[in-house]
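Accompanying notes for the structure given below.
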Amino acid sequence: MTETDKTVKTHKTPEAEDRVKIKARRVNVFYGAAQALFDIDLDMRLNQVTALIGPSGCGKSTFLRCLNRMNDVIDGCRVEGDIYMDNQNVYDETLDVVELRARIGMVFQKPNPFPKSIYDNVAYGPRIHGMTQNKEQLDHIVKKSLRRAGLWDEVKDRLSDTGSGLSGGQQQRLCIARAIAVNPEVLLMDEPCSALDPVATAVIENLIHELRQRYTIVIVTHSMHQAARVSQKTAYFHLGELIEYGDTSDIFTRPQHEQTEAYISGKIG
Amino acid sequence: MSLSLYIMTLFGLAVFSYFLGLKRIRSVVAQQVTAQQRLVPTVPTETGQAPISPTDTTETGHAPISPTDTKQHSVDHFHGLFLALYVFLPPMLLIIIWQACAPFVTNYLLETQLVTIFGTLSQGALNIQIAQVKAVYNGSLAAHMVSEQTTLGVAYYARIQQTFSIILPVIATSFAVVGFMFAYRRIALRFPARRHIEKIAIWFMIAASVIAILATLGIILSLIFETLRFFGKVPISEFLFGLHWSPQIAIREGQAGGAGAFGAIPLLVGTFMITLIAMFVAVPIGLMSAIYLSEYATQNIRDFVKPAIEILAGIPTVVYGFFAALWVAPFMRDMGAALGLTLSSESALAAGMVMGIMIIPIISSLSDDVINAVPQSLRDGAAALGATKSETVKQVILPAALPGIMSAILLAISRAIGETMIVVMAAGVAANLTANPFEAVTTVTVQIVVLLTGDQEFDSAKTLAAFALGLLLFFMTLALNILALRIVRKYSENYE
């Protein structure tokens, strides 16, 4: 990536807008005997934010965790179907899941900084992937990531303090910095603001706008306002099925499906 | 015997009172209800609404807090319990106090009686007479073996005992009756029986913790006093810094090797060495198995392996001891012979290794628990960054679980320091000051056993040394426990 990201916004071509980064085809997920997702087909586009919304238990988090194969670690979870990232099948048996996850960053519902210093939290990914040759490069990555996550000015004087000493919103931005430090192509966010207050939420949402210029973002959210604010595409899930998918502005103003309309107007959910 | 029968009767009475209490509160409630029905006529009021009786407030859930409130304060159960405890506790307290004081009272009475029988007696003669009287009374001494005057004493003593055995139940029962009357009268609709029960429960718990503290204090104080006596015979500097341990005291004059040497250093070195060897065995094996069980093993394997490891903790240490003495130590001697070395069949290495095996379950089980307590979100976070499983374990999970693991290890060390049986059997009792793990050594606990087994006088330096060693051991384990607590406190809030 180049450092000209401030100008990318204006120079972006329409083709880049619409290039599909991740393509899910006929994805079925089972937890033991129970089926959690039914034949999901969904495209997630480059430099766009795709929001997954729907009531609790609708499978949106499960779908998100399929994208970087985080469901692998859950006992009894079985994924069928295909997910392609840049035309490479994520569920290909020859694919190294560790490499895949280095390309797909993830931010969780609850901030989960490691019990290490702020610096070591961000440096963790670059270190395990051997991304740097020396301390200066690592320092540079840490600084750049914290700056992109909008946290640098708040923590630059206490990088050796423990990460759990930060406030909830700062911790979540630290987790975002940690995720983007390995230079991923995709950023998955699983309700990143549900544990945060409105001010911290606004900070993260602004950050998502910034990050969209560089990454493909998929975000699960319970807040329909948040989906409307941050995303370009929205997918509505209900009981494990993808009910409706389209431009966010269309979904929220002219929902095609009555279930979607009921949900976004607050009748169910 | 009759006393325990009496206590059982008392308990039966308490159970009976419980049901009486239930009956009482129910009848009180019933009276109240009928009284209200008489007070509030069931004719419609002027506005045509249903009459509002005071009991309606309970149905709406907004009971007014006022003296005229007619809602029952405590549920029936508490009233019954209140009555039962007031029947049971006062006589029980009396009996406990009585049991503590009775020997002094009877002794005093017997003494004065004997003095009147015999005239003035020397303290020694008096003690002999008292002992004889009690022996005859208990039947361990035939009655015709003692003098007539003593027989008089016996008769008097028997009379005292008989009187007391009648008086005690009478007084105790009157306590129970008074308690019952007092409590029975108090049972009422608004009587806060629940709060009384809670208070009694708190006192029970306070009493329990006081007993625990007093027991600890008593043990420590007895250790300290005996140790001070020991230091009156052997200088403290010799005990703490002496390099030679040979606690034999001359039985007759001029006996060879009977001078006695009380330097604890060889024992401390032996303890330290065996503990160190045990840790070298137990920490890697225990920690690795804990990591395997919590991070890698499937549920099926875990269900089988974890109990299997914990069975190790259930084996008595004496069994480990003869396992070490009969199998491990000869095996090592034979191995040494094969290499051309002459090794003793008693060695620190054999004892330390077997002790290490004994300690594995402590480390693995406790570490497994703390590793499992590391939040799943940290594992997810590391995995999502592309960390492999072993990277996650090494760099995220172990650092997060470290305080717990450290305290598990320190607990295991205190266990190893206190272990006796394995060392007696496998490492011997010879107090050699050596750093060679193939030689026989001995530990603090083993020497305590050696000093106190057999017939001993309780005022020689040899036996008193055991108390000094005990105190030393106590301070060592105490220091370790404090250290463990500190470590846990310091790091315990690392992940939240």
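How things are named: the first chain in the structure tokens is A, the next is B, and so on; residues count from 1 in each chain; ligands count from 1 in the order shown.
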Could you please write out, as a short mmCIF file (atom, residue, chain, number, x, y, z; two decimals) with C-alpha atoms, in the first residue's frame, every residue of range 102-144 of chain A that DSSP assigns to strand (DSSP E)?
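out_27.cif, written as the output of this step:
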```
data_model
loop_
_atom_site.label_atom_id
_atom_site.label_comp_id
_atom_site.auth_asym_id
_atom_site.auth_seq_id
_atom_site.Cartn_x
_atom_site.Cartn_y
_atom_site.Cartn_z
CA ILE A 104 -8.11 -11.20 7.29
CA GLY A 105 -8.02 -9.17 10.49
CA MET A 106 -10.75 -9.46 13.05
CA VAL A 107 -12.08 -7.22 15.81
#
```
I need the contact residues of chain B against chain A, so if you could list those with any atom within 9 Å, counting only C-alpha atoms, and return them as a compact mmCIF listing (two decimals) with all heavy atoms, in the first residue's frame, that would help.
```txt
# COMPACT_ATOMS: atom_id res chain seq x y z
N THR B 298 -8.89 -33.41 22.90
CA THR B 298 -10.33 -33.36 22.68
C THR B 298 -11.02 -33.70 23.99
O THR B 298 -10.40 -34.23 24.91
CB THR B 298 -10.76 -34.37 21.60
OG1 THR B 298 -10.43 -35.68 22.09
CG2 THR B 298 -10.05 -34.13 20.29
N PRO B 375 -9.48 -16.15 29.35
CA PRO B 375 -10.68 -15.97 28.52
C PRO B 375 -10.47 -16.47 27.08
O PRO B 375 -9.40 -16.28 26.50
CB PRO B 375 -10.90 -14.46 28.52
CG PRO B 375 -10.06 -13.92 29.60
CD PRO B 375 -8.99 -14.91 29.91
N SER B 377 -11.62 -15.17 24.60
CA SER B 377 -11.46 -14.04 23.69
C SER B 377 -9.99 -13.80 23.36
O SER B 377 -9.65 -13.36 22.26
CB SER B 377 -12.08 -12.79 24.30
OG SER B 377 -11.37 -12.40 25.45
N LEU B 378 -9.09 -14.11 24.32
CA LEU B 378 -7.66 -13.92 24.04
C LEU B 378 -7.19 -14.94 23.01
O LEU B 378 -6.40 -14.62 22.11
CB LEU B 378 -6.84 -14.07 25.32
CG LEU B 378 -7.00 -12.96 26.35
CD1 LEU B 378 -6.05 -13.19 27.51
CD2 LEU B 378 -6.74 -11.61 25.73
N ASP B 380 -9.10 -16.32 20.71
CA ASP B 380 -9.67 -15.87 19.44
C ASP B 380 -8.86 -14.73 18.86
O ASP B 380 -8.58 -14.69 17.67
CB ASP B 380 -11.13 -15.41 19.65
CG ASP B 380 -12.06 -16.58 19.86
OD1 ASP B 380 -11.62 -17.73 19.65
OD2 ASP B 380 -13.21 -16.36 20.25
N GLY B 381 -8.49 -13.78 19.75
CA GLY B 381 -7.74 -12.62 19.27
C GLY B 381 -6.43 -13.04 18.64
O GLY B 381 -6.06 -12.56 17.57
N ALA B 382 -5.72 -13.96 19.29
CA ALA B 382 -4.45 -14.41 18.75
C ALA B 382 -4.65 -15.19 17.46
O ALA B 382 -3.93 -14.99 16.48
CB ALA B 382 -3.71 -15.26 19.79
N ALA B 383 -5.67 -16.06 17.45
CA ALA B 383 -5.92 -16.86 16.25
C ALA B 383 -6.28 -15.96 15.07
O ALA B 383 -5.82 -16.19 13.95
CB ALA B 383 -7.04 -17.87 16.51
N ALA B 384 -7.06 -14.92 15.34
CA ALA B 384 -7.48 -14.04 14.26
C ALA B 384 -6.31 -13.25 13.68
O ALA B 384 -6.38 -12.75 12.56
CB ALA B 384 -8.56 -13.08 14.75
N LEU B 385 -5.24 -13.12 14.45
CA LEU B 385 -4.06 -12.44 13.94
C LEU B 385 -3.16 -13.40 13.16
O LEU B 385 -2.12 -13.01 12.66
CB LEU B 385 -3.25 -11.85 15.08
CG LEU B 385 -3.81 -10.57 15.69
CD1 LEU B 385 -3.03 -10.22 16.93
CD2 LEU B 385 -3.72 -9.44 14.67
N GLY B 386 -3.57 -14.67 13.11
CA GLY B 386 -2.77 -15.64 12.38
C GLY B 386 -1.72 -16.29 13.24
O GLY B 386 -0.70 -16.76 12.73
N ALA B 387 -1.92 -16.31 14.55
CA ALA B 387 -0.97 -17.00 15.40
C ALA B 387 -1.28 -18.49 15.39
O ALA B 387 -2.44 -18.88 15.35
CB ALA B 387 -1.08 -16.48 16.84
N THR B 388 -0.24 -19.30 15.38
CA THR B 388 -0.48 -20.74 15.47
C THR B 388 -0.83 -21.07 16.91
O THR B 388 -0.72 -20.24 17.81
CB THR B 388 0.76 -21.55 15.09
OG1 THR B 388 1.78 -21.28 16.05
CG2 THR B 388 1.26 -21.17 13.71
N GLU B 391 2.14 -20.72 19.24
CA GLU B 391 2.45 -19.30 19.48
C GLU B 391 1.45 -18.69 20.46
O GLU B 391 1.83 -17.94 21.35
CB GLU B 391 2.41 -18.52 18.16
CG GLU B 391 3.65 -18.72 17.31
CD GLU B 391 3.47 -18.21 15.89
OE1 GLU B 391 2.32 -17.92 15.47
OE2 GLU B 391 4.48 -18.09 15.20
N GLN B 395 2.85 -17.21 23.90
CA GLN B 395 2.94 -15.75 24.01
C GLN B 395 1.72 -15.10 24.62
O GLN B 395 1.80 -13.96 25.08
CB GLN B 395 3.21 -15.16 22.62
CG GLN B 395 4.55 -15.59 22.09
CD GLN B 395 4.61 -15.51 20.59
OE1 GLN B 395 3.66 -15.09 19.95
NE2 GLN B 395 5.73 -15.92 20.01
N VAL B 396 0.62 -15.79 24.61
CA VAL B 396 -0.60 -15.18 25.15
C VAL B 396 -1.12 -15.91 26.37
O VAL B 396 -1.34 -15.32 27.42
CB VAL B 396 -1.70 -15.10 24.07
CG1 VAL B 396 -2.98 -14.54 24.66
CG2 VAL B 396 -1.22 -14.25 22.91
N ILE B 397 -1.29 -17.21 26.24
CA ILE B 397 -1.97 -17.93 27.31
C ILE B 397 -1.06 -18.12 28.53
O ILE B 397 -1.46 -17.82 29.65
CB ILE B 397 -2.48 -19.28 26.79
CG1 ILE B 397 -3.60 -18.99 25.79
CG2 ILE B 397 -3.00 -20.14 27.92
CD1 ILE B 397 -4.08 -20.17 25.07
N PRO B 399 1.64 -16.36 29.52
CA PRO B 399 1.81 -15.12 30.29
C PRO B 399 0.56 -14.74 31.08
O PRO B 399 0.67 -14.29 32.21
CB PRO B 399 2.10 -14.07 29.20
CG PRO B 399 2.66 -14.84 28.09
CD PRO B 399 1.99 -16.18 28.11
N ALA B 400 -0.60 -14.96 30.48
CA ALA B 400 -1.83 -14.59 31.19
C ALA B 400 -2.05 -15.50 32.38
O ALA B 400 -2.56 -15.08 33.41
CB ALA B 400 -3.03 -14.66 30.24
N GLU B 493 -4.99 -9.18 38.01
CA GLU B 493 -5.92 -8.36 37.22
C GLU B 493 -5.40 -8.09 35.82
O GLU B 493 -5.74 -7.10 35.21
CB GLU B 493 -6.19 -7.05 37.95
CG GLU B 493 -7.08 -7.27 39.14
CD GLU B 493 -7.42 -5.99 39.84
OE1 GLU B 493 -6.62 -5.04 39.79
OE2 GLU B 493 -8.49 -5.94 40.44
N ASN B 494 -4.55 -8.99 35.36
CA ASN B 494 -3.95 -8.75 34.07
C ASN B 494 -4.94 -8.81 32.93
O ASN B 494 -4.88 -8.03 32.01
CB ASN B 494 -2.85 -9.77 33.83
CG ASN B 494 -1.52 -9.08 33.65
OD1 ASN B 494 -1.50 -7.91 33.27
ND2 ASN B 494 -0.45 -9.77 33.90
N TYR B 495 -5.84 -9.75 32.98
CA TYR B 495 -6.86 -9.79 31.93
C TYR B 495 -8.21 -9.59 32.57
O TYR B 495 -8.52 -10.16 33.59
CB TYR B 495 -6.80 -11.09 31.13
CG TYR B 495 -6.76 -12.33 31.96
CD1 TYR B 495 -7.92 -12.89 32.44
CD2 TYR B 495 -5.55 -12.95 32.26
CE1 TYR B 495 -7.88 -14.04 33.21
CE2 TYR B 495 -5.51 -14.07 33.03
CZ TYR B 495 -6.67 -14.62 33.50
OH TYR B 495 -6.63 -15.74 34.25
N GLU B 496 -8.99 -8.78 31.90
CA GLU B 496 -10.33 -8.52 32.44
C GLU B 496 -11.31 -8.47 31.29
O GLU B 496 -11.02 -7.92 30.25
CB GLU B 496 -10.35 -7.19 33.19
CG GLU B 496 -10.10 -7.36 34.65
CD GLU B 496 -11.06 -8.35 35.30
OE1 GLU B 496 -12.27 -8.12 35.26
OE2 GLU B 496 -10.63 -9.37 35.83
```
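As for CA of Val374 in chain B and CA of Val29 in chain A, they are spaced 27.3 Å apart.
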request  = Report as a PyMOL selection string: the residues of range 47-255 of chain A with a DSSP assignment of alpha helix (DSSP H), based on the backbone of this structure.
outcome  = chain A and resi 60-67+97-103+118-128+135-148+152-155+168-180+198-211+224-230+248-253
request  = Extract, using only C-alpha atoms, all DNA, RNA and protein residues at most 9 Å from range 181-191 of chain B, discarding same-chain residues fewer than 3 positions from it, and format them as number ranges by chain.
outcome  = B: 20-21, 24-25, 28-29, 32, 69-74, 79, 82-84, 86-87, 176-178, 194
inquiry  = Show me, as a VMD selection string, the residues that have an atom within 7 Å of Asn47 in chain A when counting only C-alpha atoms, minus same-chain residues fewer than 6 positions from it.
reply    = chain A and resid 17 212 to 216
Can those selected residues be exported to a file as a tab-separated table (two decimals), in the first residue's frame so that it contains N, CA and C atoms?
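After the write, part.tsv holds the following:
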```tsv
chain	number	residue	atom	x	y	z
A	17	GLU	N	-14.60	0.23	-6.99
A	17	GLU	CA	-15.74	0.22	-6.07
A	17	GLU	C	-16.45	-1.12	-6.09
A	212	ARG	N	-11.97	2.15	5.53
A	212	ARG	CA	-12.60	1.64	4.31
A	212	ARG	C	-11.74	1.94	3.08
A	213	GLN	N	-10.99	3.04	3.15
A	213	GLN	CA	-10.17	3.41	2.00
A	213	GLN	C	-9.12	2.34	1.69
A	214	ARG	N	-8.73	1.58	2.73
A	214	ARG	CA	-7.65	0.61	2.56
A	214	ARG	C	-8.13	-0.82	2.56
A	215	TYR	N	-9.18	-1.06	3.31
A	215	TYR	CA	-9.55	-2.46	3.54
A	215	TYR	C	-10.98	-2.72	3.09
A	216	THR	N	-11.25	-4.00	2.91
A	216	THR	CA	-12.63	-4.44	2.75
A	216	THR	C	-13.14	-4.75	4.15
```
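The shortest atom-to-atom distance to Ser145 in chain A, with only C-alpha atoms taken into account, belongs to A:Asn183 out of A:Asn183, A:Gln259, A:Ser167, A:Ser56.
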key: Nearby residues (only C-alpha atoms) at most 9 Å from Ala440 in chain B, same-chain spacing under 5 positions excluded, as number ranges by chain   = B: 270, 344-349, 426-432, 434
task = Rank nothing, just name the residue among A:Glu210, A:Glu93, A:Asp72, A:Asp82 nearest to Asn28 in chain A, using only C-alpha atoms.
result = A:Asp82
task = Could you give me, as a count of residues only, the residues within 6 Å of Gly54 in chain A, counting only C-alpha atoms and dropping anything in the same chain fewer than 5 positions from it?
result = 3
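You will find CA of Ala51 in chain A at 25.8 Å from CA of Asp92 in chain A.
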